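Raw data-v5.cif, mmCIF, C-alpha atoms:
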```
data_model
#
loop_
_atom_site.label_atom_id
_atom_site.label_comp_id
_atom_site.auth_asym_id
_atom_site.auth_seq_id
_atom_site.Cartn_x
_atom_site.Cartn_y
_atom_site.Cartn_z
CA MET A 1 0.98 -9.45 10.98
CA ILE A 2 0.78 -9.45 7.19
CA GLY A 3 2.73 -12.35 5.70
CA SER A 4 2.11 -11.75 1.98
CA TYR A 5 1.59 -8.66 -0.12
CA VAL A 6 0.80 -8.11 -3.82
CA ALA A 7 1.00 -4.65 -5.44
CA LEU A 8 -1.15 -3.87 -8.49
CA GLY A 9 -1.20 -0.78 -10.68
CA ASP A 10 0.68 1.41 -13.14
CA SER A 11 3.87 3.53 -13.09
CA PHE A 12 3.11 4.91 -9.64
CA THR A 13 3.18 1.45 -8.05
CA GLU A 14 5.95 0.19 -10.34
CA GLY A 15 8.04 3.00 -8.84
CA VAL A 16 8.95 5.13 -11.85
CA GLY A 17 10.97 8.15 -10.73
CA ASP A 18 12.66 6.28 -7.87
CA GLN A 19 15.52 4.69 -9.75
CA GLY A 20 17.62 1.96 -8.15
CA PRO A 21 21.38 1.55 -8.66
CA ASP A 22 20.78 -0.60 -11.75
CA GLY A 23 18.39 1.93 -13.29
CA SER A 24 15.24 -0.07 -12.56
CA PRO A 25 12.59 1.51 -10.31
CA VAL A 26 12.19 0.91 -6.60
CA GLY A 27 9.09 2.88 -5.59
CA TRP A 28 6.70 3.25 -2.68
CA ALA A 29 5.28 -0.29 -2.87
CA ASP A 30 8.74 -1.89 -2.60
CA ARG A 31 9.60 0.42 0.29
CA PHE A 32 6.26 -0.34 1.96
CA ALA A 33 6.94 -4.07 1.53
CA VAL A 34 10.12 -3.66 3.57
CA LEU A 35 8.12 -2.01 6.38
CA LEU A 36 5.79 -5.01 6.36
CA ALA A 37 8.62 -7.56 6.16
CA ASP A 38 10.30 -5.95 9.17
CA ARG A 39 7.30 -7.04 11.26
CA ARG A 40 7.84 -10.71 10.40
CA PRO A 41 10.52 -13.30 11.17
CA GLU A 42 13.28 -13.38 8.56
CA GLY A 43 12.14 -15.27 5.45
CA ASP A 44 8.50 -15.35 6.55
CA PHE A 45 7.17 -12.75 4.12
CA THR A 46 6.42 -12.80 0.38
CA TYR A 47 6.02 -9.79 -1.86
CA THR A 48 5.04 -9.57 -5.53
CA ASN A 49 4.86 -6.36 -7.58
CA LEU A 50 2.76 -6.79 -10.73
CA ALA A 51 2.46 -3.09 -11.64
CA VAL A 52 3.51 -1.90 -15.11
CA ARG A 53 3.80 1.71 -16.24
CA GLY A 54 1.19 3.11 -18.59
CA ARG A 55 -1.46 0.51 -17.78
CA LEU A 56 -5.10 1.54 -18.00
CA LEU A 57 -7.67 0.19 -15.55
CA ASP A 58 -8.95 -2.56 -17.86
CA GLN A 59 -5.38 -3.72 -18.51
CA VAL A 60 -4.66 -3.91 -14.78
CA VAL A 61 -7.88 -5.87 -14.30
CA ALA A 62 -7.13 -8.27 -17.16
CA GLU A 63 -3.40 -8.81 -16.55
CA GLN A 64 -2.85 -8.32 -12.83
CA VAL A 65 -6.04 -8.94 -10.87
CA PRO A 66 -6.35 -12.65 -11.82
CA ARG A 67 -2.75 -13.25 -10.69
CA ALA A 68 -3.45 -11.53 -7.38
CA VAL A 69 -6.64 -13.54 -6.90
CA ALA A 70 -4.70 -16.76 -7.54
CA LEU A 71 -2.07 -15.78 -4.95
CA ALA A 72 -4.75 -14.87 -2.35
CA PRO A 73 -2.34 -12.72 -0.29
CA ASP A 74 -2.94 -11.17 3.10
CA LEU A 75 -2.77 -7.71 1.51
CA VAL A 76 -3.28 -6.26 -1.97
CA SER A 77 -2.65 -2.62 -2.87
CA PHE A 78 -4.81 -1.59 -5.83
CA CYS A 79 -4.09 1.74 -7.52
CA ALA A 80 -5.63 1.98 -10.98
CA GLY A 81 -7.74 4.30 -13.10
CA GLY A 82 -5.48 7.34 -12.98
CA ASN A 83 -4.28 6.90 -16.56
CA ASP A 84 -7.92 6.58 -17.65
CA ILE A 85 -8.95 9.74 -15.82
CA ILE A 86 -6.33 11.97 -17.45
CA ARG A 87 -7.39 10.88 -20.95
CA PRO A 88 -9.73 13.27 -22.76
CA GLY A 89 -13.38 12.29 -22.81
CA THR A 90 -13.30 9.69 -20.04
CA ASP A 91 -16.13 9.66 -17.50
CA PRO A 92 -14.95 9.27 -13.88
CA ASP A 93 -18.32 7.79 -12.92
CA GLU A 94 -17.98 5.03 -15.50
CA VAL A 95 -14.32 4.36 -14.63
CA ALA A 96 -15.34 4.04 -10.97
CA GLU A 97 -17.91 1.37 -11.83
CA ARG A 98 -15.19 -0.77 -13.39
CA PHE A 99 -12.91 -0.03 -10.45
CA GLU A 100 -15.56 -1.31 -8.04
CA ARG A 101 -15.97 -4.59 -9.92
CA ALA A 102 -12.23 -5.19 -9.58
CA VAL A 103 -12.30 -4.39 -5.85
CA ALA A 104 -15.17 -6.86 -5.40
CA ALA A 105 -13.09 -9.61 -7.06
CA LEU A 106 -10.03 -8.80 -4.94
CA THR A 107 -11.82 -8.57 -1.59
CA ALA A 108 -13.36 -12.00 -2.21
CA THR A 109 -9.94 -13.66 -1.93
CA ALA A 110 -7.41 -11.24 -0.40
CA GLY A 111 -7.25 -10.65 3.33
CA ARG A 112 -7.28 -6.88 2.87
CA VAL A 113 -7.34 -4.53 -0.12
CA LEU A 114 -5.64 -1.14 0.20
CA VAL A 115 -6.96 1.39 -2.35
CA THR A 116 -5.45 4.77 -3.19
CA THR A 117 -6.84 8.13 -4.22
CA GLY A 118 -5.24 10.36 -6.84
CA PHE A 119 -2.89 13.23 -6.02
CA ASP A 120 -4.02 16.84 -5.77
CA THR A 121 -2.74 18.24 -9.08
CA ARG A 122 -3.27 21.94 -8.37
CA GLY A 123 0.44 22.69 -8.87
CA VAL A 124 1.09 20.30 -11.77
CA PRO A 125 1.28 21.81 -15.28
CA VAL A 126 -1.44 20.52 -17.64
CA LEU A 127 -2.88 18.13 -15.03
CA LYS A 128 -4.05 21.00 -12.83
CA HIS A 129 -6.89 21.50 -15.31
CA LEU A 130 -8.13 17.97 -14.51
CA ARG A 131 -8.26 18.58 -10.77
CA GLY A 132 -12.07 18.47 -10.60
CA LYS A 133 -12.21 15.24 -12.56
CA ILE A 134 -9.62 13.63 -10.31
CA ALA A 135 -11.49 14.80 -7.20
CA THR A 136 -14.69 13.22 -8.53
CA TYR A 137 -12.92 9.91 -9.07
CA ASN A 138 -11.40 10.14 -5.59
CA GLY A 139 -14.88 10.50 -4.12
CA HIS A 140 -15.92 7.29 -5.87
CA VAL A 141 -12.80 5.46 -4.64
CA ARG A 142 -13.64 6.44 -1.06
CA ALA A 143 -17.24 5.31 -1.49
CA VAL A 144 -16.10 1.94 -2.86
CA ALA A 145 -13.68 1.60 0.04
CA ASP A 146 -16.53 2.22 2.48
CA ARG A 147 -18.72 -0.42 0.84
CA TYR A 148 -16.01 -3.09 0.89
CA GLY A 149 -14.20 -2.17 4.11
CA CYS A 150 -10.94 -1.20 2.39
CA PRO A 151 -8.28 1.00 4.01
CA VAL A 152 -7.58 4.11 1.93
CA LEU A 153 -4.15 5.53 1.11
CA ASP A 154 -5.24 9.14 0.64
CA LEU A 155 -2.67 10.79 -1.61
CA TRP A 156 -4.77 13.93 -2.11
CA SER A 157 -4.27 14.96 1.53
CA LEU A 158 -0.57 14.01 1.71
CA ARG A 159 1.03 17.43 2.20
CA GLY A 160 4.53 15.97 2.04
CA VAL A 161 4.28 15.55 -1.74
CA GLN A 162 3.11 19.09 -2.45
CA ASP A 163 6.74 20.20 -2.72
CA ARG A 164 8.41 20.06 -6.15
CA ARG A 165 11.27 18.04 -4.66
CA ALA A 166 8.83 15.19 -4.14
CA TRP A 167 8.58 14.85 -7.92
CA ASP A 168 10.91 13.59 -10.61
CA LEU A 169 12.14 15.85 -13.41
CA ASP A 170 9.20 14.80 -15.59
CA ARG A 171 6.77 16.28 -13.00
CA LEU A 172 4.48 13.28 -13.53
CA HIS A 173 6.18 10.72 -11.27
CA LEU A 174 7.41 10.92 -7.71
CA SER A 175 11.08 11.21 -6.80
CA ALA A 176 12.77 8.79 -4.41
CA GLU A 177 11.84 11.05 -1.50
CA GLY A 178 8.26 11.32 -2.75
CA HIS A 179 7.92 7.54 -2.98
CA THR A 180 9.42 7.23 0.50
CA ARG A 181 6.79 9.55 1.94
CA VAL A 182 3.99 7.59 0.30
CA ALA A 183 5.39 4.33 1.74
CA LEU A 184 5.44 5.91 5.20
CA ARG A 185 1.83 7.07 4.83
CA ALA A 186 0.81 3.56 3.71
CA GLY A 187 2.40 2.21 6.87
CA GLN A 188 0.44 4.71 8.95
CA VAL A 189 -2.80 3.72 7.24
CA LEU A 190 -2.28 0.12 8.36
CA GLY A 191 -1.25 1.15 11.86
CA LEU A 192 2.44 0.31 11.54
CA PRO A 193 5.10 2.22 13.44
CA VAL A 194 7.03 4.25 10.86
CA PRO A 195 10.50 5.79 11.22
CA ALA A 196 9.52 9.29 10.04
CA ASP A 197 6.55 11.57 9.48
CA PRO A 198 5.57 11.62 5.78
CA ASP A 199 4.27 15.17 6.23
CA GLN A 200 7.41 16.55 7.84
CA PRO A 201 8.27 19.98 6.40
CA TRP A 202 10.86 20.26 3.66
CA PRO A 203 13.92 22.48 4.17
CA ALA A 204 13.36 25.99 2.89
CA LEU A 205 14.51 26.79 -0.64
CA PRO A 206 15.79 30.14 -1.89
CA GLN A 207 13.38 32.19 -3.95
CA ARG A 208 13.68 31.46 -7.67
CA ALA A 209 13.64 34.23 -10.26
CA ALA A 210 10.68 34.21 -12.63
CA LEU A 211 13.06 33.93 -15.60
CA HIS A 212 14.54 30.72 -14.22
CA VAL A 213 11.07 29.27 -13.59
CA ARG A 214 9.98 30.01 -17.17
CA ARG A 215 13.21 28.54 -18.56
CA ASP A 216 12.67 25.34 -16.57
CA ASP A 217 9.07 25.15 -17.78
CA VAL A 218 10.15 25.42 -21.41
CA GLN A 219 12.81 22.75 -20.97
CA TRP A 220 10.32 20.46 -19.20
CA ALA A 221 7.79 20.87 -22.00
CA ARG A 222 10.41 20.05 -24.64
CA GLU A 223 11.87 17.00 -22.88
CA TYR A 224 8.80 15.47 -21.24
CA LEU A 225 5.44 17.03 -22.16
CA VAL A 226 5.79 16.92 -25.96
CA PRO A 227 6.95 13.25 -26.03
CA TRP A 228 4.14 12.34 -23.61
CA ILE A 229 1.52 13.96 -25.86
CA GLY A 230 3.11 12.32 -28.89
CA ARG A 231 2.73 8.85 -27.37
CA ARG A 232 -0.92 9.55 -26.64
CA LEU A 233 -1.56 10.66 -30.22
CA ARG A 234 0.18 7.55 -31.59
CA GLY A 235 -1.65 5.24 -29.20
CA GLN A 236 1.62 4.15 -27.62
CA SER A 237 2.36 3.46 -23.96
CA SER A 238 5.57 3.83 -21.98
CA GLY A 239 4.96 0.29 -20.75
CA ASP A 240 4.57 -1.42 -24.12
CA HIS A 241 7.81 -3.35 -23.69
CA VAL A 242 7.98 -3.45 -19.88
CA THR A 243 7.37 -6.56 -17.76
CA ALA A 244 6.32 -6.60 -14.12
CA LYS A 245 8.96 -7.01 -11.42
CA GLY A 246 7.25 -10.11 -10.05
CA THR A 247 8.28 -11.61 -6.71
CA LEU A 248 10.99 -9.65 -4.89
CA SER A 249 13.10 -10.39 -1.84
CA PRO A 250 12.79 -7.80 0.96
CA ALA A 251 16.54 -8.23 1.57
CA ASP A 252 17.29 -7.28 -2.05
CA ILE A 253 14.95 -4.28 -1.79
CA ARG A 254 16.76 -3.09 1.34
CA THR A 255 20.07 -3.27 -0.51
CA ARG A 256 18.72 -1.23 -3.42
CA ILE A 257 17.14 1.36 -1.09
CA THR A 258 20.46 1.77 0.72
CA ALA A 259 22.21 2.33 -2.59
CA VAL A 260 19.66 4.97 -3.59
CA ALA A 261 20.00 6.75 -0.25
#
```
Could I get this structure in the form of structure tokens?
Amino acid sequence: MIGSYVALGDSFTEGVGDQGPDGSPVGWADRFAVLLADRRPEGDFTYTNLAVRGRLLDQVVAEQVPRAVALAPDLVSFCAGGNDIIRPGTDPDEVAERFERAVAALTATAGRVLVTTGFDTRGVPVLKHLRGKIATYNGHVRAVADRYGCPVLDLWSLRGVQDRRAWDLDRLHLSAEGHTRVALRAGQVLGLPVPADPDQPWPALPQRAALHVRRDDVQWAREYLVPWIGRRLRGQSSGDHVTAKGTLSPADIRTRITAVA
């Protein structure tokens, strides 16, 4: 019976790709918070989302971890390091060492710390070449979870997000349906009854002509890949002027989810 939950991380936990009716993101963590709140009496649950898009591991540790430690919630979800791993020249072993120090600080005060692995990027343009590096980092995350008794939200094995409809147009962030499936899997990890199977098959799609696939790839590269590379070269982040959501009401989240649906 979790009465308080704090979500830490980057764009994935902020909810980018799952846009609410006002244009701001909802995301898996907000949806998961509703699942948790539904297990409590009305008004007897607090939820705070401190995640900000583009944040590297050290930024999450410096900006978000101390606030989570101060709140000492029943549950913390900690997803960080992915933006470090996809940067050229980073060492997943070294990133994992910093990740473990953060987990040690969180587990000292939080009731439970939920950690997440990275997605399997075999079908993702550009990122598919980093699949081995991501798998190495995932192995470290699992080892850290074992040492500190943390439940693991294993995104690598989540088959429900291996369909392109689980991803936003930028192919880097989940769609509303993708975030929903992650929230359902998070509920399963903590033993909650969930309303649907996150791995349920998607409806079949008609076969796409190779010409249409290539045309979509070119348009994606022009609209999303080139600007993303440009920000990296300029040392800019998509979250430079973004603030965390902070404390949210489960009732408000339900309203926004209904509007999205």
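For the choices A:Val65, A:Ala183, A:Ala204, A:Ile229, the atom-to-atom distance to Pro88 (chain A) is smallest for A:Ile229 when using all atoms listed in the file.
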Applied to the shown file, which residues does the PyMOL selection byres ((chain A and resi 179) around 10) return, written as a ChimeraX atom specification? /A:12-13,15-18,26-32,161,166-167,173-178,180-185,198
Could you state which residues are captured by the PyMOL selection byres ((chain A and resi 72-81) around 7) in this file, as a VMD selection string? chain A and resid 2 to 10 56 to 57 68 to 71 82 to 85 95 109 to 116
Pairwise distance for CA of Pro66 (chain A) and CA of Leu106 (chain A), rounded to one decimal in Å: 8.7 Å
Of the candidates A:Asp168, A:Trp220, A:Gly20, A:Leu158, which one gets nearest to Ala186 (chain A) if we count all atoms listed in the file? A:Leu158
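Computed from the coordinates, the CA of Leu248 (chain A) to CA of Leu192 (chain A) distance equals 21.0 Å.
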Do you know which residues are at most 8 Å from Thr117 (chain A) counting only C-alpha atoms, after dropping those on the same chain fewer than 3 positions away, and could you put them as a list in words? Cys79, Tyr137, Asn138, Val141, Arg142, Val152, Leu153, Asp154, Leu155 and Trp156 of chain A
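Considering all atoms listed in the file, the residue among A:Pro25, A:Gly89, A:Gly246, A:Gly132 positioned nearest to Leu50 (chain A) is A:Gly246.
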Given the file above and the PyMOL selection byres ((chain A and resi 126) around 12), which residues are selected, and can you give them as a ChimeraX atom specification? /A:86-87,121-125,127-131,171-172,217,220-221,224-226,228-229
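With distances restricted to all atoms listed in the file, A:Glu14 is the closest residue to Arg55 (chain A) from A:Asp120, A:Asp197, A:Asp216, A:Glu14.
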From the set A:Ala145, A:Leu169, A:Val52, A:Ile134, which residue has the shortest atom-to-atom contact distance to Glu223 (chain A), counting only C-alpha atoms?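 Nearest candidate to Glu223 (chain A) out of A:Ala145, A:Leu169, A:Val52, A:Ile134: A:Leu169.
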